[in-house]
Amino acid sequence: MEHGSTFNLRTSYRMLFVSTIAFTICFAVWMLNGVLVTYLAANQVFAWGPVEIGWLMGIPVLTGAIFRLPAGILTDRFGGRPVLTILILICAVPMYLLSFADSFLSFALCSFGFGLAGASFSVGIAFCSIWFPKEKQGLALGIFGAGNAGAAFTSLIAPTLLNDLTNNGTDLEQWRRLPEIYAMLILATGIGFFVLTKNKKPEIIAKTMADTLAPLKEIRVWRFGLYYFLVFGCFVAFAQWLVPYFVNVYYLPLVTAGILAALFSFPSGVIRALGGWMSDTWGARKVMYWVLGTSVIVSLMLIVPKMEIYSSGRGIMATQAGTVTSVNETEIVIGSKSYSLVTKSDSFENLEAKLLVFPTKETWQEAVVKQGDEITKSQLIAKGITRIYFQANVWIFAVLVIVLGIIWGIGKAAVYKHIPQYYPNQVGVVGGMVGVIGGLGGFICPIIFGYLLEITGLWTSAWMFMFIVSLICLLWMHQSIMKLVKLPFNLEEKFASLVRVKNKAILKPILEWNEFYKTDIKAIDHQHKHMMELINTIYIKVENGEEASEIYKKLNDLVAYTEGHFTAEEYLLKRNHCPNLKIHESAHVLLMKEITELQQKVLSANKEELLGLISLLRFWFPGHVLEHDQRDAEYLHPIKTAKEIQFESDADSDDEYKAAIKSD
């Protein structure tokens with residue numbers, strides 16, 4: 001049993017590799033019903049409709065979801081090796097018993113049992129994260145999460161196995177051998193995991209159950225859970241639902257449907273490692289913005305169902321009265337006047353085999369009069385018919401679905417990047433809770449899809465649901481982030497506070513220091529206060545109508561001071577091994593670019609333009625302090641060497657602060 005925070009990366013990567021393989025097999029087992037239930041229903045082995053199919057797909061996911069939290073708690077307390085080994089070995093029993101199922105109830109009970117394989121995720125997340133330092137956890141957990149590709153394994157292999165085992169459907173009872181094969185596979189996985197890994201637990205373990213569950217009181221955990229409901233739960237749901245979707249909507253054979261479903265599942269699993277790297281490099285928040293926004297757009301594109309619409313088109317009215325003397329497919333003759341008809345073409349034949357990106361339209365005309373009829377002027381003699389057809393070609397649909405799967409795969413890594421950062425010693429319980437909510441998505445969604453299909457008759461109703469969930473996640477995330485960066489003052493009130501007395505402006509400062517800005521590092525807070533004073537001085541000079549050259553000089557002071565301040569911050573961040581160093585440095589580069597451009601514009605601006613430019617400083621500086629400096633405050637503390645022991649107590653001026661820095 002190991003404790004401690006030292007890392008042997010060679011051992012760490014070995015633990016990660018073995019855990020990822022085990023999770024891949026567990027995920028393949030977890031997703032078995034997507035293929036097996038579809039096969040049994042399609043071949044009428046059991047009389048199951050959409051609702052029963054939805055329940056049987058969802059039940060294993062439910063088990064994996066509800067047991068993720070207790071599995072995560074057990075992993076934090078006892079380590080991942082014993083917990084995952086026992087979990088896998090237990091799953092082998094109901095998987096084997098599935099081969100004897102002969103009714104919906106027995107199938108459901110066995111599915112509930114082997115669904116425990118889904119809880120392997122929270123065990124693996126807690127087990128793998130503890131083997132890696134903070135700055136490498138995003139990539140490590142992304143690699144582990146690539147085990148989601150086990151869904152592709154089942155979608156790709158299981159249909160072929162079923163065809164081979166049943167001799168292409170001539171001996172359907174041989175389907176029962178497939179659960180036996182899966183039972184042996186997962187049994188071997190459990191034994192291999194136990195032999196090839198060693199155990200390790202967090203340094204700090206909560207003493208009581210109340211301490212263990214304390215993070216679950218925070219709304220942040222539940223917000224992460226909703227994100228995971230979408231990017232993981234909906235992924236799990238569609239990994240199974242796409243098989244019957246392709247069969248019923250595009251009339252594909254089961255094997256082909258399984259291959260296309262695998263094309264959705266496999267990239268989504270593998271790309272998770274890239275998502276971890278992206279989250280480490282650019283930050284999980286930015287990645288999630290991109291993921292949720294794209295999910296909204298792609299889901300919206302997939303909403304449109306197969307359509308064939310008939311509507312009234314442009315008809316023909318008689319230009320003079322008379323008797324109809326001739327009517328055929330191409331013309332109507334009234335007296336001496338002939339009216340040509342637009343005839344129906346054969347352009348709509350075999351449309352489903354064509355590559356249609358946009359709706360296809362056809363218009364024709366049909367006579368509404370017959371030979372011998374007496375016609376008055378302006379009477380309708382031929383009606384117009386417009387036919388509109390649209391169905392995304394199966395390949396266009398497949399590409400959009402694969403793109404969505406990739407996006408969700410990146411999102412899965414981004415969600416779990418947050419957890420070890422906020423809860424480093426409670427990854428098991430927090431990751432377990434987030435996993436529970438995500439797993440419930442995998443359970444609930446197929447059932448919802450089934451009921452929506454029954455109610456609306458539209459297979460695309462599932463994508464309508466995805467659009468709504470994606471939009472809710474995006475809006476909630478945006479609202480939460482806006483609260484985080486909300487400035488601690490009312491900007492409108494600052495402008496309203498302007499009072500004119502004897503043509504002279506009496507101004508409140510646009511930036512005021514308060515506790516909201518504190519980093520609790522005396523020297524850093526001192527410099528932040530001075531930067532605010534410079535900004536307020538510049539603003540008052542603009543309001544008082546001083547020359548642009550004077551304002552430019554004061555801005556130059558702000559630029560020089562800011563550059564020195566950023567240099568000092570970067571020195572400390574680098575020396576204290578801040579994992580967000582590159583992100584923080586990039587923010588400094590951007591801020592310096594913005595203020596330098598602002599300085600150049602001042603010389604050519606009138607007073608009104610100056611007010612607009614200087615007002616930008618209200619957001620320029622506070623946003624950086626609130627987002628970056630407070631986040632990385634622990635890495636801005638000076639290291640207490642003999643030369644710097646008086647750093648915090650004596651650095652009451654910038655000169656002393658710089659001297660402390662240079663004394664190294």
# chains A, B, ... in the order shown; residues from 1 in each chain; ligands from 1

$ residues_around --residues "A:Gly276" --least-positions-apart "2" --cutoff "12 Å" --atoms "only C-alpha atoms" --output "number ranges by chain"
A: 135-146, 269-274, 278-284, 287-288, 409-418

$ residues_around --residues "A:Leu534" --least-positions-apart "2" --cutoff "12 Å" --atoms "only C-alpha atoms" --output "count of residues only"
31

$ closest_residue --among "A:Arg77, A:Lys574, A:Arg223, A:His565" --to "A:Gln479" --atoms "only C-alpha atoms"
A:Arg223

$ residues_around --residues "A:Met57" --least-positions-apart "6" --cutoff "9 Å" --atoms "only C-alpha atoms" --output "short mmCIF file (atom, residue, chain, number, x, y, z; two decimals) with N, CA and C atoms, in the first residue's frame"
data_model
loop_
_atom_site.label_atom_id
_atom_site.label_comp_id
_atom_site.auth_asym_id
_atom_site.auth_seq_id
_atom_site.Cartn_x
_atom_site.Cartn_y
_atom_site.Cartn_z
N MET A 31 -21.85 -1.86 -22.49
CA MET A 31 -22.62 -1.45 -23.66
C MET A 31 -23.19 -2.62 -24.47
N LEU A 32 -23.09 -3.83 -23.95
CA LEU A 32 -23.49 -5.00 -24.73
C LEU A 32 -24.94 -4.96 -25.18
N ASN A 33 -25.85 -4.48 -24.34
CA ASN A 33 -27.27 -4.53 -24.66
C ASN A 33 -27.64 -3.72 -25.89
N GLY A 34 -26.85 -2.69 -26.21
CA GLY A 34 -27.15 -1.90 -27.40
C GLY A 34 -27.23 -2.76 -28.64
N VAL A 37 -29.74 -6.52 -27.58
CA VAL A 37 -31.19 -6.30 -27.51
C VAL A 37 -31.75 -5.96 -28.89
N SER A 111 -29.04 -7.79 -16.60
CA SER A 111 -28.48 -6.53 -17.10
C SER A 111 -28.14 -5.60 -15.95
N ALA A 237 -25.76 6.78 -24.20
CA ALA A 237 -27.09 6.50 -24.74
C ALA A 237 -27.03 6.28 -26.25
N GLN A 240 -25.55 3.11 -27.89
CA GLN A 240 -26.48 2.00 -28.04
C GLN A 240 -27.63 2.35 -29.00
N TRP A 241 -28.17 3.55 -28.87
CA TRP A 241 -29.36 3.94 -29.62
C TRP A 241 -29.10 4.08 -31.11
N GLY A 442 -26.93 8.23 -19.24
CA GLY A 442 -26.91 7.04 -20.10
C GLY A 442 -28.08 6.12 -19.85
N PHE A 443 -28.60 6.12 -18.61
CA PHE A 443 -29.77 5.30 -18.28
C PHE A 443 -31.07 5.95 -18.73
N PRO A 446 -31.93 6.66 -23.17
CA PRO A 446 -32.59 5.69 -24.05
C PRO A 446 -34.08 5.52 -23.74
N ILE A 447 -34.44 5.62 -22.46
CA ILE A 447 -35.85 5.51 -22.09
C ILE A 447 -36.61 6.72 -22.61
#

$ select_by_dssp --residues "stretch 165-313 of chain A" --states "strand (DSSP E or B)" --output "ChimeraX atom specification"
/A:200,307-313

$ residues_around --residues "A:Ile406" --least-positions-apart "2" --cutoff "6 Å" --atoms "only C-alpha atoms" --output "list of chain:residue names"
A:Pro267, A:Ser268, A:Val403, A:Leu404, A:Trp408, A:Gly409

$ residues_around --residues "A:Val29" --least-positions-apart "3" --cutoff "10 Å" --atoms "only C-alpha atoms" --output "ChimeraX atom specification"
/A:23-26,32-33,60,91-92,95,114-118,150-151,153-154,179,182-183,185-186

$ select_by_dssp --residues "stretch 370-413 of chain A" --states "helix (DSSP H, G or I)" --output "PDB file with C-alpha atoms, in the first residue's frame"
ATOM      1  CA  VAL A 394     -26.682   8.401 -44.349  1.00  0.00           C
ATOM      2  CA  TRP A 395     -23.074   9.490 -44.843  1.00  0.00           C
ATOM      3  CA  ILE A 396     -23.827  13.144 -44.072  1.00  0.00           C
ATOM      4  CA  PHE A 397     -25.729  12.029 -40.988  1.00  0.00           C
ATOM      5  CA  ALA A 398     -22.882   9.726 -39.947  1.00  0.00           C
ATOM      6  CA  VAL A 399     -20.288  12.497 -40.314  1.00  0.00           C
ATOM      7  CA  LEU A 400     -22.342  14.884 -38.162  1.00  0.00           C
ATOM      8  CA  VAL A 401     -22.808  12.182 -35.524  1.00  0.00           C
ATOM      9  CA  ILE A 402     -19.077  11.370 -35.507  1.00  0.00           C
ATOM     10  CA  VAL A 403     -18.262  15.075 -35.110  1.00  0.00           C
ATOM     11  CA  LEU A 404     -20.645  15.258 -32.162  1.00  0.00           C
ATOM     12  CA  GLY A 405     -19.062  12.162 -30.626  1.00  0.00           C
ATOM     13  CA  ILE A 406     -15.601  13.708 -30.943  1.00  0.00           C
ATOM     14  CA  ILE A 407     -16.803  16.942 -29.363  1.00  0.00           C
ATOM     15  CA  TRP A 408     -18.341  15.055 -26.449  1.00  0.00           C
ATOM     16  CA  GLY A 409     -15.138  13.022 -26.048  1.00  0.00           C
ATOM     17  CA  ILE A 410     -13.132  16.229 -25.610  1.00  0.00           C
ATOM     18  CA  GLY A 411     -15.781  17.500 -23.206  1.00  0.00           C
ATOM     19  CA  LYS A 412     -15.534  14.392 -21.020  1.00  0.00           C
ATOM     20  CA  ALA A 413     -11.859  15.109 -20.377  1.00  0.00           C
TER      21      ALA A 413
END

$ closest_residue --among "A:Leu105, A:Leu178, A:Met15, A:Lys582" --to "A:Leu56" --atoms "only C-alpha atoms"
A:Leu105
